[in-house]
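The data block below is protein22.json; it holds JSON, C-alpha atoms.
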[["chain", "number", "residue", "atom", "x", "y", "z"],
["A", 1, "MET", "CA", 75.05, 179.55, 161.55],
["A", 2, "ASP", "CA", 72.88, 181.71, 159.28],
["A", 3, "PRO", "CA", 69.74, 179.62, 158.63],
["A", 4, "GLU", "CA", 69.51, 180.99, 155.10],
["A", 5, "HIS", "CA", 72.79, 179.33, 154.23],
["A", 6, "ALA", "CA", 72.45, 176.19, 156.33],
["A", 7, "SER", "CA", 71.47, 172.79, 154.97],
["A", 8, "ALA", "CA", 67.84, 172.79, 153.87],
["A", 9, "SER", "CA", 67.07, 170.25, 156.60],
["A", 10, "GLY", "CA", 69.66, 171.30, 159.18],
["A", 11, "ARG", "CA", 71.19, 167.82, 158.93],
["A", 12, "LYS", "CA", 74.46, 166.65, 157.48],
["A", 13, "ARG", "CA", 74.23, 164.55, 154.37],
["A", 14, "SER", "CA", 74.25, 160.85, 155.16],
["A", 15, "GLN", "CA", 75.92, 158.19, 153.06],
["A", 16, "ARG", "CA", 73.18, 156.78, 150.80],
["A", 17, "PRO", "CA", 72.55, 155.92, 147.15],
["A", 18, "GLN", "CA", 72.42, 158.92, 144.84],
["A", 19, "LYS", "CA", 68.94, 160.37, 144.51],
["A", 20, "SER", "CA", 67.19, 161.28, 141.29],
["A", 21, "HIS", "CA", 66.14, 164.89, 140.68],
["A", 22, "HIS", "CA", 62.51, 163.90, 141.30],
["A", 23, "GLU", "CA", 63.45, 162.47, 144.72],
["A", 24, "VAL", "CA", 65.31, 165.69, 145.55],
["A", 25, "ALA", "CA", 62.24, 167.67, 144.49],
["A", 26, "GLU", "CA", 59.96, 165.46, 146.62],
["A", 27, "GLU", "CA", 62.08, 165.98, 149.74],
["A", 28, "LEU", "CA", 62.35, 169.75, 149.27],
["A", 29, "ARG", "CA", 58.64, 169.92, 148.51],
["A", 30, "ALA", "CA", 57.88, 168.13, 151.77],
["A", 31, "ARG", "CA", 60.04, 170.63, 153.70],
["A", 32, "ILE", "CA", 58.19, 173.55, 152.12],
["A", 33, "ARG", "CA", 54.77, 172.03, 152.80],
["A", 34, "SER", "CA", 55.68, 171.22, 156.41],
["A", 35, "GLY", "CA", 57.09, 174.69, 157.12],
["A", 36, "VAL", "CA", 60.71, 173.60, 157.61],
["A", 37, "LEU", "CA", 61.43, 175.92, 154.70],
["A", 38, "ARG", "CA", 59.38, 179.07, 155.28],
["A", 39, "PRO", "CA", 57.75, 181.42, 152.73],
["A", 40, "GLY", "CA", 60.24, 184.09, 151.70],
["A", 41, "GLN", "CA", 63.24, 182.12, 152.99],
["A", 42, "ARG", "CA", 66.28, 181.84, 150.75],
["A", 43, "MET", "CA", 67.23, 178.29, 149.81],
["A", 44, "PRO", "CA", 70.76, 176.98, 150.25],
["A", 45, "THR", "CA", 72.96, 177.34, 147.19],
["A", 46, "GLN", "CA", 72.80, 174.68, 144.49],
["A", 47, "ALA", "CA", 76.30, 173.58, 145.48],
["A", 48, "LYS", "CA", 75.23, 173.01, 149.11],
["A", 49, "LEU", "CA", 72.09, 171.15, 148.04],
["A", 50, "ALA", "CA", 74.14, 168.98, 145.69],
["A", 51, "ASP", "CA", 76.50, 168.18, 148.57],
["A", 52, "GLU", "CA", 73.64, 167.42, 150.96],
["A", 53, "PHE", "CA", 71.83, 165.06, 148.61],
["A", 54, "GLY", "CA", 74.94, 163.57, 147.06],
["A", 55, "VAL", "CA", 73.95, 164.47, 143.50],
["A", 56, "GLU", "CA", 75.31, 166.53, 140.62],
["A", 57, "ARG", "CA", 74.31, 170.20, 140.39],
["A", 58, "GLY", "CA", 72.34, 169.44, 137.24],
["A", 59, "ALA", "CA", 70.00, 167.20, 139.28],
["A", 60, "VAL", "CA", 69.54, 170.01, 141.83],
["A", 61, "ARG", "CA", 68.72, 172.50, 139.06],
["A", 62, "GLN", "CA", 66.15, 170.10, 137.62],
["A", 63, "ALA", "CA", 64.58, 169.62, 141.06],
["A", 64, "LEU", "CA", 64.40, 173.38, 141.64],
["A", 65, "ARG", "CA", 62.85, 173.89, 138.20],
["A", 66, "ILE", "CA", 60.17, 171.35, 139.07],
["A", 67, "LEU", "CA", 59.33, 173.23, 142.28],
["A", 68, "GLN", "CA", 59.29, 176.53, 140.43],
["A", 69, "SER", "CA", 56.84, 175.08, 137.89],
["A", 70, "GLU", "CA", 54.62, 174.15, 140.87],
["A", 71, "ARG", "CA", 54.94, 177.76, 142.14],
["A", 72, "LEU", "CA", 56.69, 176.63, 145.31],
["A", 73, "LEU", "CA", 59.93, 178.49, 144.50],
["A", 74, "THR", "CA", 60.84, 181.75, 142.81],
["A", 75, "ASN", "CA", 64.08, 183.21, 141.47],
["A", 76, "VAL", "CA", 65.41, 179.86, 140.27],
["A", 77, "SER", "CA", 68.59, 180.52, 138.28],
["A", 78, "LYS", "CA", 72.27, 179.70, 138.28],
["A", 79, "GLY", "CA", 73.20, 183.09, 139.69],
["A", 80, "ALA", "CA", 71.49, 183.18, 143.08],
["A", 81, "PRO", "CA", 69.76, 180.86, 145.57],
["A", 82, "ALA", "CA", 66.06, 180.28, 144.97],
["A", 83, "ILE", "CA", 63.45, 181.68, 147.34],
["A", 84, "VAL", "CA", 60.47, 179.86, 148.83],
["A", 85, "ALA", "CA", 57.29, 181.34, 147.37],
["A", 86, "LYS", "CA", 55.30, 183.64, 149.67],
["A", 87, "ASP", "CA", 52.16, 181.52, 149.50],
["A", 88, "PRO", "CA", 52.91, 178.00, 148.31],
["A", 89, "GLY", "CA", 49.40, 176.86, 149.13],
["A", 90, "PRO", "CA", 48.23, 173.24, 149.38],
["A", 91, "GLY", "CA", 48.61, 170.88, 146.48],
["A", 92, "PRO", "CA", 49.14, 167.26, 145.49],
["A", 93, "VAL", "CA", 52.46, 165.65, 144.72],
["A", 94, "LEU", "CA", 52.75, 166.06, 140.96],
["A", 95, "PHE", "CA", 56.11, 164.43, 140.32],
["A", 96, "GLY", "CA", 58.04, 161.30, 141.14],
["A", 97, "PRO", "CA", 57.35, 157.58, 140.99],
["A", 98, "ALA", "CA", 54.21, 157.84, 143.17],
["A", 99, "ALA", "CA", 52.70, 160.69, 141.16],
["A", 100, "PRO", "CA", 49.32, 160.05, 139.51],
["A", 101, "PRO", "CA", 49.01, 160.25, 135.72],
["A", 102, "GLN", "CA", 48.15, 163.70, 134.38],
["A", 103, "PRO", "CA", 46.75, 165.10, 131.12],
["A", 104, "THR", "CA", 49.54, 165.56, 128.60],
["A", 105, "MET", "CA", 49.44, 169.35, 128.65],
["A", 106, "VAL", "CA", 49.79, 169.38, 132.45],
["A", 107, "GLY", "CA", 52.47, 166.74, 132.93],
["A", 108, "LEU", "CA", 54.54, 167.27, 129.79],
["A", 109, "ALA", "CA", 55.12, 171.02, 130.12],
["A", 110, "SER", "CA", 56.50, 170.78, 133.65],
["A", 111, "ARG", "CA", 58.76, 167.86, 132.89],
["A", 112, "VAL", "CA", 60.11, 169.40, 129.70],
["A", 113, "SER", "CA", 60.88, 172.60, 131.64],
["A", 114, "ALA", "CA", 62.77, 170.60, 134.26],
["A", 115, "ALA", "CA", 64.68, 168.71, 131.55],
["A", 116, "PHE", "CA", 66.06, 172.00, 130.21],
["A", 117, "ALA", "CA", 68.12, 172.49, 133.36],
["A", 118, "ALA", "CA", 70.57, 169.89, 132.01],
["A", 119, "PRO", "CA", 73.61, 171.08, 130.03],
["A", 120, "HIS", "CA", 72.68, 168.71, 127.18],
["A", 121, "VAL", "CA", 68.92, 168.48, 126.63],
["A", 122, "GLU", "CA", 67.83, 165.36, 124.77],
["A", 123, "ILE", "CA", 64.19, 164.89, 123.78],
["A", 124, "ASP", "CA", 62.81, 162.03, 121.68],
["A", 125, "ALA", "CA", 59.12, 162.06, 120.79],
["A", 126, "LEU", "CA", 56.76, 159.73, 118.96],
["A", 127, "CYS", "CA", 53.32, 161.20, 118.34],
["A", 128, "LEU", "CA", 50.55, 161.88, 115.82],
["A", 129, "THR", "CA", 51.46, 165.57, 115.57],
["A", 130, "SER", "CA", 53.98, 167.58, 117.59],
["A", 131, "VAL", "CA", 51.39, 170.01, 118.98],
["A", 132, "SER", "CA", 51.79, 168.93, 122.64],
["A", 133, "LEU", "CA", 55.58, 169.09, 122.48],
["A", 134, "THR", "CA", 55.53, 172.45, 120.69],
["A", 135, "LEU", "CA", 53.33, 173.92, 123.41],
["A", 136, "ALA", "CA", 55.38, 172.32, 126.21],
["A", 137, "LEU", "CA", 58.56, 173.97, 124.88],
["A", 138, "GLY", "CA", 57.10, 177.45, 125.36],
["A", 139, "GLU", "CA", 58.11, 177.88, 129.00],
["A", 140, "PRO", "CA", 61.74, 176.67, 128.75],
["A", 141, "LEU", "CA", 62.23, 178.82, 125.64],
["A", 142, "ARG", "CA", 60.99, 181.85, 127.58],
["A", 143, "GLU", "CA", 63.38, 180.99, 130.42],
["A", 144, "ILE", "CA", 66.29, 180.72, 127.98],
["A", 145, "HIS", "CA", 65.50, 184.11, 126.45],
["A", 146, "ALA", "CA", 65.27, 185.57, 129.96],
["A", 147, "GLY", "CA", 68.72, 184.21, 130.77],
["A", 148, "ARG", "CA", 67.54, 181.84, 133.49],
["A", 149, "LEU", "CA", 68.29, 178.63, 131.55],
["A", 150, "LYS", "CA", 71.48, 178.07, 129.58],
["A", 151, "PRO", "CA", 71.78, 174.58, 128.13],
["A", 152, "ALA", "CA", 74.83, 174.18, 125.91],
["A", 153, "LYS", "CA", 73.28, 171.65, 123.54],
["A", 154, "ILE", "CA", 69.74, 170.64, 122.55],
["A", 155, "THR", "CA", 68.98, 167.51, 120.54],
["A", 156, "VAL", "CA", 65.39, 166.77, 119.53],
["A", 157, "ARG", "CA", 64.22, 163.79, 117.46],
["A", 158, "VAL", "CA", 60.58, 163.41, 116.45],
["A", 159, "LEU", "CA", 58.82, 160.45, 114.84],
["A", 160, "LEU", "CA", 55.56, 161.33, 113.04],
["A", 161, "PRO", "CA", 53.30, 159.39, 110.65],
["A", 162, "SER", "CA", 54.20, 159.55, 106.99],
["A", 163, "ARG", "CA", 52.04, 161.67, 104.70],
["A", 164, "ASP", "CA", 51.81, 158.69, 102.33],
["A", 165, "ILE", "CA", 49.85, 156.33, 104.57],
["A", 166, "ASP", "CA", 46.13, 155.94, 105.16],
["A", 167, "LEU", "CA", 45.73, 157.13, 108.74],
["A", 168, "ALA", "CA", 43.89, 154.86, 111.16],
["A", 169, "PHE", "CA", 42.68, 158.07, 112.84],
["A", 170, "PRO", "CA", 41.45, 160.70, 112.51],
["A", 171, "ALA", "CA", 39.09, 158.83, 110.20],
["A", 172, "ALA", "CA", 35.57, 159.40, 108.91],
["A", 173, "VAL", "CA", 32.99, 157.00, 110.35],
["A", 174, "ASN", "CA", 31.43, 156.23, 106.96],
["A", 175, "GLY", "CA", 34.51, 156.87, 104.82],
["A", 176, "SER", "CA", 33.18, 160.12, 103.39],
["A", 177, "GLY", "CA", 35.53, 163.06, 103.92],
["A", 178, "THR", "CA", 38.67, 160.97, 104.38],
["A", 179, "GLY", "CA", 40.61, 163.23, 102.03],
["A", 180, "LEU", "CA", 39.58, 166.35, 103.96],
["A", 181, "LEU", "CA", 40.66, 164.82, 107.27],
["A", 182, "HIS", "CA", 44.00, 163.74, 105.85],
["A", 183, "ARG", "CA", 44.73, 167.22, 104.50],
["A", 184, "ARG", "CA", 43.71, 168.79, 107.80],
["A", 185, "TRP", "CA", 45.98, 166.43, 109.76],
["A", 186, "LEU", "CA", 48.87, 166.93, 107.33],
["A", 187, "ASP", "CA", 48.57, 170.72, 107.58],
["A", 188, "MET", "CA", 48.68, 170.49, 111.38],
["A", 189, "ARG", "CA", 51.58, 168.03, 111.36],
["A", 190, "ASN", "CA", 53.64, 170.28, 109.10],
["A", 191, "ALA", "CA", 52.71, 173.58, 110.76],
["A", 192, "GLN", "CA", 53.42, 172.41, 114.30],
["A", 193, "GLY", "CA", 56.65, 170.74, 113.26],
["A", 194, "GLN", "CA", 57.82, 173.90, 111.49],
["A", 195, "VAL", "CA", 57.07, 176.04, 114.56],
["A", 196, "LEU", "CA", 58.92, 173.61, 116.83],
["A", 197, "GLN", "CA", 61.89, 173.50, 114.48],
["A", 198, "HIS", "CA", 62.02, 177.27, 113.96],
["A", 199, "ASN", "CA", 61.79, 178.11, 117.67],
["A", 200, "LEU", "CA", 64.59, 175.73, 118.62],
["A", 201, "LEU", "CA", 66.94, 176.46, 115.73],
["A", 202, "ALA", "CA", 66.57, 180.19, 116.42],
["A", 203, "LEU", "CA", 68.55, 179.58, 119.63],
["A", 204, "ARG", "CA", 71.64, 179.07, 117.49],
["A", 205, "ALA", "CA", 71.59, 182.69, 116.34],
["A", 206, "THR", "CA", 70.26, 184.29, 119.52],
["A", 207, "HIS", "CA", 72.23, 182.33, 122.14],
["A", 208, "GLY", "CA", 74.94, 180.43, 120.26],
["A", 209, "MET", "CA", 73.54, 177.07, 121.36],
["A", 210, "ASP", "CA", 74.30, 173.80, 119.59],
["A", 211, "VAL", "CA", 70.79, 172.78, 118.45],
["A", 212, "HIS", "CA", 69.76, 169.79, 116.32],
["A", 213, "VAL", "CA", 66.14, 169.02, 115.38],
["A", 214, "THR", "CA", 65.35, 166.00, 113.19],
["A", 215, "PHE", "CA", 62.06, 164.50, 111.99],
["A", 216, "ARG", "CA", 61.47, 161.06, 110.54],
["A", 217, "ALA", "CA", 58.31, 159.49, 109.10],
["A", 218, "LEU", "CA", 56.65, 156.30, 110.32],
["A", 219, "PRO", "CA", 54.77, 153.93, 108.00],
["A", 220, "PHE", "CA", 51.92, 153.53, 110.53],
["A", 221, "THR", "CA", 49.59, 155.53, 112.77],
["A", 222, "PRO", "CA", 50.95, 155.38, 116.34],
["A", 223, "PRO", "CA", 48.28, 154.25, 118.84],
["A", 224, "VAL", "CA", 50.33, 155.77, 121.70],
["A", 225, "LYS", "CA", 52.54, 158.77, 122.29],
["A", 226, "LEU", "CA", 55.95, 158.60, 123.92],
["A", 227, "TYR", "CA", 58.36, 161.27, 125.16],
["A", 228, "LEU", "CA", 61.90, 160.43, 126.32],
["A", 229, "LEU", "CA", 63.69, 163.14, 128.30],
["A", 230, "ASN", "CA", 67.46, 163.27, 128.85],
["A", 231, "GLY", "CA", 67.77, 159.50, 128.79],
["A", 232, "ALA", "CA", 66.24, 159.36, 132.26],
["A", 233, "GLU", "CA", 62.46, 159.59, 131.83],
["A", 234, "ALA", "CA", 59.79, 158.01, 129.66],
["A", 235, "LEU", "CA", 56.37, 159.66, 129.46],
["A", 236, "PHE", "CA", 53.72, 157.45, 127.89],
["A", 237, "ALA", "CA", 50.07, 158.03, 126.91],
["A", 238, "TYR", "CA", 47.38, 156.25, 124.91],
["A", 239, "TYR", "CA", 45.50, 157.87, 122.06],
["A", 240, "THR", "CA", 41.95, 157.02, 123.14],
["A", 241, "LEU", "CA", 39.49, 157.28, 120.25],
["A", 242, "THR", "CA", 36.02, 158.76, 120.53],
["A", 243, "ARG", "CA", 33.26, 159.24, 118.00],
["A", 244, "ARG", "CA", 32.51, 162.92, 117.45],
["A", 245, "GLU", "CA", 31.05, 165.39, 115.00],
["A", 246, "ARG", "CA", 33.12, 168.18, 113.51],
["A", 247, "GLU", "CA", 32.97, 170.70, 110.70],
["A", 248, "VAL", "CA", 36.00, 170.45, 108.41],
["A", 249, "GLU", "CA", 36.33, 172.93, 105.56],
["A", 250, "HIS", "CA", 32.59, 173.70, 105.79],
["A", 251, "GLU", "CA", 31.70, 170.02, 105.59],
["A", 252, "HIS", "CA", 29.97, 168.32, 108.53],
["A", 253, "LEU", "CA", 31.68, 165.01, 109.35],
["A", 254, "GLU", "CA", 31.34, 162.17, 111.82],
["A", 255, "LEU", "CA", 34.75, 160.88, 112.72],
["A", 256, "TYR", "CA", 36.86, 158.80, 115.03],
["A", 257, "ASP", "CA", 39.57, 160.91, 116.64],
["A", 258, "SER", "CA", 41.59, 161.47, 119.82],
["A", 259, "ASP", "CA", 42.50, 164.64, 121.68],
["A", 260, "GLY", "CA", 46.18, 164.00, 122.35],
["A", 261, "THR", "CA", 46.60, 167.03, 124.61],
["A", 262, "ARG", "CA", 44.18, 165.43, 127.08],
["A", 263, "SER", "CA", 45.63, 161.91, 126.94],
["A", 264, "MET", "CA", 46.67, 160.80, 130.41],
["A", 265, "LEU", "CA", 50.46, 160.80, 130.68],
["A", 266, "PHE", "CA", 52.18, 158.10, 132.73],
["A", 267, "ALA", "CA", 55.70, 158.87, 133.97],
["A", 268, "PHE", "CA", 58.52, 156.35, 134.37],
["A", 269, "GLU", "CA", 61.95, 157.25, 135.70],
["A", 270, "GLN", "CA", 65.27, 155.48, 135.87],
["A", 271, "ARG", "CA", 66.42, 154.66, 139.41],
["A", 272, "ALA", "CA", 62.81, 154.60, 140.59],
["A", 273, "GLY", "CA", 62.86, 150.82, 140.84],
["A", 274, "LEU", "CA", 63.40, 147.92, 138.46],
["A", 275, "ARG", "CA", 60.01, 148.33, 136.78],
["A", 276, "ASP", "CA", 60.50, 152.00, 135.89],
["A", 277, "THR", "CA", 64.14, 151.58, 134.91],
["A", 278, "THR", "CA", 63.31, 148.69, 132.60],
["A", 279, "PHE", "CA", 60.45, 150.61, 131.00],
["A", 280, "VAL", "CA", 62.71, 153.61, 130.30],
["A", 281, "GLU", "CA", 65.44, 151.40, 128.84],
["A", 282, "GLN", "CA", 63.04, 149.40, 126.67],
["A", 283, "SER", "CA", 61.34, 152.58, 125.47],
["A", 284, "HIS", "CA", 64.71, 153.91, 124.29],
["A", 285, "LEU", "CA", 65.48, 150.64, 122.52],
["A", 286, "TRP", "CA", 62.06, 150.70, 120.83],
["A", 287, "PHE", "CA", 62.36, 154.33, 119.72],
["A", 288, "ASN", "CA", 65.89, 153.86, 118.39],
["A", 289, "ALA", "CA", 64.87, 150.71, 116.53],
["A", 290, "LEU", "CA", 62.05, 152.58, 114.76],
["A", 291, "TRP", "CA", 64.35, 155.52, 114.04],
["A", 292, "GLU", "CA", 67.08, 153.35, 112.51],
["A", 293, "THR", "CA", 64.96, 150.80, 110.59],
["A", 294, "ILE", "CA", 61.51, 151.41, 109.12],
["A", 295, "SER", "CA", 61.27, 155.21, 109.45],
["A", 296, "SER", "CA", 62.20, 157.46, 106.53],
["A", 297, "ASP", "CA", 63.16, 161.07, 105.88],
["A", 298, "LEU", "CA", 60.36, 163.54, 106.58],
["A", 299, "GLN", "CA", 59.94, 166.93, 104.96],
["A", 300, "LEU", "CA", 57.62, 169.43, 106.66],
["A", 301, "THR", "CA", 56.12, 170.61, 103.39],
["A", 302, "PRO", "CA", 52.58, 170.62, 101.98]]

For this file, produce the structure as structure tokens.
Amino acid sequence: MDPEHASASGRKRSQRPQKSHHEVAEELRARIRSGVLRPGQRMPTQAKLADEFGVERGAVRQALRILQSERLLTNVSKGAPAIVAKDPGPGPVLFGPAAPPQPTMVGLASRVSAAFAAPHVEIDALCLTSVSLTLALGEPLREIHAGRLKPAKITVRVLLPSRDIDLAFPAAVNGSGTGLLHRRWLDMRNAQGQVLQHNLLALRATHGMDVHVTFRALPFTPPVKLYLLNGAEALFAYYTLTRREREVEHEHLELYDSDGTRSMLFAFEQRAGLRDTTFVEQSHLWFNALWETISSDLQLTP
């Protein structure tokens, strides 16, 4: 049998519980690292991988997208089998239940890219501004425009603090400059939200995709950030405050603030054990409760 079109392990699929896309990615990653799958070798088709692992093709596509984001695979698309990268190089396991927490801008971008392999992409986010999510969407949007990703529907819901509240942070240490900090935060909240909304809604005209983007306002400053992907993952991080000095509109201020892009992101996945599954489920219940009760309409205007 042609090894390029054989099972990725050379073994027949055994009868076992269905794997998650992260577990599929972990097993394929191990085969690449160990040399079972060689640099330059063509992977089996997505259909054959789905049959081997006993999963839907969408889970295989998500797994392959993860490995492509780690530069272990190239040519990941629906049209042809992926290819093992020429020089995968050493590296840590970045995904799955045993993965260590990562800074938001490292962990979020890769996971959002993998989520876009699903036919219906669902993203819920609770954050101080949408800057991390806006940046993380850059790669999957490029892949869509290149024709390598083709989700049929995209639904994004974002909870952000209301413009009408006194923010807990960023906040001036001595109270002076509070108005400047609020205006600066509000400008960022609105600008990043508008970019996110524009980039996603543009897919309606350019690719005929069914896209829905909705924002709602919270009556409090969230001390944590939360991202829920396709109903299967919860990514959680703390906003850790530090005291720093910054110039805002030519005024020198001491303030308490947090760099959300560097917040360490903890990943929880359904089917990765009772603890993770329960966390994902409870995170969805919490988000939906906020969305349907105390949040209000949000307009991304000055």

With 10 Å as the threshold, what does the neighbourhood of (63.0, 176.2, 139.8) contain in terms of residues, counting only C-alpha atoms? Coordinates are those of the file; answer as a PDB file with C-alpha atoms, keeping the file's coordinate frame.
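Wrote it out as out01.pdb, contents follow:
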ATOM      1  CA  ALA A  25      62.240 167.670 144.490  1.00  0.00           C
ATOM      2  CA  VAL A  60      69.540 170.010 141.830  1.00  0.00           C
ATOM      3  CA  ARG A  61      68.720 172.500 139.060  1.00  0.00           C
ATOM      4  CA  GLN A  62      66.150 170.100 137.620  1.00  0.00           C
ATOM      5  CA  ALA A  63      64.580 169.620 141.060  1.00  0.00           C
ATOM      6  CA  LEU A  64      64.400 173.380 141.640  1.00  0.00           C
ATOM      7  CA  ARG A  65      62.850 173.890 138.200  1.00  0.00           C
ATOM      8  CA  ILE A  66      60.170 171.350 139.070  1.00  0.00           C
ATOM      9  CA  LEU A  67      59.330 173.230 142.280  1.00  0.00           C
ATOM     10  CA  GLN A  68      59.290 176.530 140.430  1.00  0.00           C
ATOM     11  CA  SER A  69      56.840 175.080 137.890  1.00  0.00           C
ATOM     12  CA  GLU A  70      54.620 174.150 140.870  1.00  0.00           C
ATOM     13  CA  ARG A  71      54.940 177.760 142.140  1.00  0.00           C
ATOM     14  CA  LEU A  72      56.690 176.630 145.310  1.00  0.00           C
ATOM     15  CA  LEU A  73      59.930 178.490 144.500  1.00  0.00           C
ATOM     16  CA  THR A  74      60.840 181.750 142.810  1.00  0.00           C
ATOM     17  CA  ASN A  75      64.080 183.210 141.470  1.00  0.00           C
ATOM     18  CA  VAL A  76      65.410 179.860 140.270  1.00  0.00           C
ATOM     19  CA  SER A  77      68.590 180.520 138.280  1.00  0.00           C
ATOM     20  CA  ALA A  82      66.060 180.280 144.970  1.00  0.00           C
ATOM     21  CA  ILE A  83      63.450 181.680 147.340  1.00  0.00           C
ATOM     22  CA  SER A 113      60.880 172.600 131.640  1.00  0.00           C
ATOM     23  CA  ALA A 114      62.770 170.600 134.260  1.00  0.00           C
ATOM     24  CA  ALA A 117      68.120 172.490 133.360  1.00  0.00           C
ATOM     25  CA  ARG A 148      67.540 181.840 133.490  1.00  0.00           C
TER      26      ARG A 148
END

Which residues of range 124-235 of chain A have any atom within 9 Å of an atom in range 246-249 of chain A when counting all atoms listed in the file, and what is the closest pair of atoms for each, with the distance in Å to one decimal? Order the rows by chain and rising number and write it as JSON lines.
{"residue": "A:Gly177", "atom": "CA", "partner": "A:Val248", "partner_atom": "CA", "distance": 8.7}
{"residue": "A:Leu180", "atom": "CA", "partner": "A:Val248", "partner_atom": "CA", "distance": 7.0}
{"residue": "A:Leu181", "atom": "CA", "partner": "A:Val248", "partner_atom": "CA", "distance": 7.4}
{"residue": "A:Arg184", "atom": "CA", "partner": "A:Val248", "partner_atom": "CA", "distance": 7.9}

* **Distance in Å - CA of Ala30 in chain A versus CA of Val84 in chain A** =>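 For CA of Ala30 in chain A relative to CA of Val84 in chain A, the distance reads 12.4 Å.
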
* Structure fact -> Between CA of Gln270 in chain A and CA of Arg157 in chain A lies a distance of 20.2 Å

* To do: Kindly extract all protein, DNA and RNA residues lying within 9 Å of the coordinates (64.4, 163.3, 131.1) given in the file, considering all atoms listed in the file, and supply them as a list in words.
  => Arg111, Val112, Ala114, Ala115, Phe116, Val121, Glu122, Ile123, Tyr227, Leu228, Leu229, Asn230, Gly231, Ala232, Glu233, Ala234, Leu235 and Glu269 of chain A

Please build the interface table for range 45-157 of chain A against range 207-216 of chain A with a cut-off of 6 Å, listing for each qualifying residue the nearest atom pair and the distance in Å to one decimal; count only C-alpha atoms, order rows by chain and increasing number, and write it as CSV.
residue,atom,partner,partner_atom,distance
A:Ala152,CA,A:Met209,CA,5.5
A:Lys153,CA,A:Asp210,CA,4.6
A:Ile154,CA,A:Val211,CA,4.7
A:Thr155,CA,A:His212,CA,4.9
A:Val156,CA,A:Val213,CA,4.8
A:Arg157,CA,A:Thr214,CA,4.9

* Asked: What separation in Å, quoted to one decimal, exists between CA of Pro119 in chain A and CA of Pro151 in chain A?
  ->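 Computing the Euclidean distance for CA of Pro119 in chain A and CA of Pro151 in chain A yields 4.4 Å.
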
* Structure fact -> If you count all atoms listed in the file, the residue of A:Leu274, A:Val36, A:Leu200, A:Val195 closest to Leu141 in chain A turns out to be A:Leu200

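Counting all atoms listed in the file, the residue from A:Gln197, A:Asn288, A:Thr206, A:Ser295 that sits nearest to Ile144 in chain A is A:Thr206.
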
Test item: axis-aligned box, all listed atoms of range 178-186 of chain A, 5 Å on each side, centre and edges in Å rounded to one decimal, as lines of an AutoDock Vina configuration file:
center_x = 43.8
center_y = 164.9
center_z = 105.9
size_x = 20.2
size_y = 17.8
size_z = 17.7

* Have a look at A:Ala80, A:His145, A:Leu196, A:Val55 and name the one nearest to Thr129 in chain A; count all atoms listed in the file. =>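 Of the candidates, the smallest distance to Thr129 in chain A is held by A:Leu196.
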
Within 7 Å of Gln41 in chain A using only C-alpha atoms, minus same-chain residues under 2 positions, as an mmCIF file with C-alpha atoms, keeping the file's coordinate frame:
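Listed below is the output, selection-v1.cif:
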data_model
loop_
_atom_site.group_PDB
_atom_site.id
_atom_site.type_symbol
_atom_site.label_atom_id
_atom_site.label_comp_id
_atom_site.auth_asym_id
_atom_site.auth_seq_id
_atom_site.Cartn_x
_atom_site.Cartn_y
_atom_site.Cartn_z
ATOM 1 C CA GLU A 4 69.510 180.990 155.100
ATOM 2 C CA LEU A 37 61.430 175.920 154.700
ATOM 3 C CA ARG A 38 59.380 179.070 155.280
ATOM 4 C CA PRO A 39 57.750 181.420 152.730
ATOM 5 C CA MET A 43 67.230 178.290 149.810
ATOM 6 C CA ILE A 83 63.450 181.680 147.340
ATOM 7 C CA VAL A 84 60.470 179.860 148.830
#

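Distances from A:Leu285, A:Ala172, A:Leu300, A:Ile294 to Gly193 in chain A were compared using only C-alpha atoms, and the smallest one belongs to A:Leu300.
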
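Each of A:Leu298, A:Leu203, A:Leu128, A:Val158 was checked against Asp259 in chain A using all atoms listed in the file; the smallest atom-to-atom distance is that of A:Leu128.
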
* To do: Give the answer as one residue: which of A:Asp51, A:Glu23, A:Glu292, A:Glu281 has the shortest atom-to-atom distance to Leu159 in chain A, using only C-alpha atoms?
  =>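 Among the listed residues, A:Glu292 lies closest to Leu159 in chain A.
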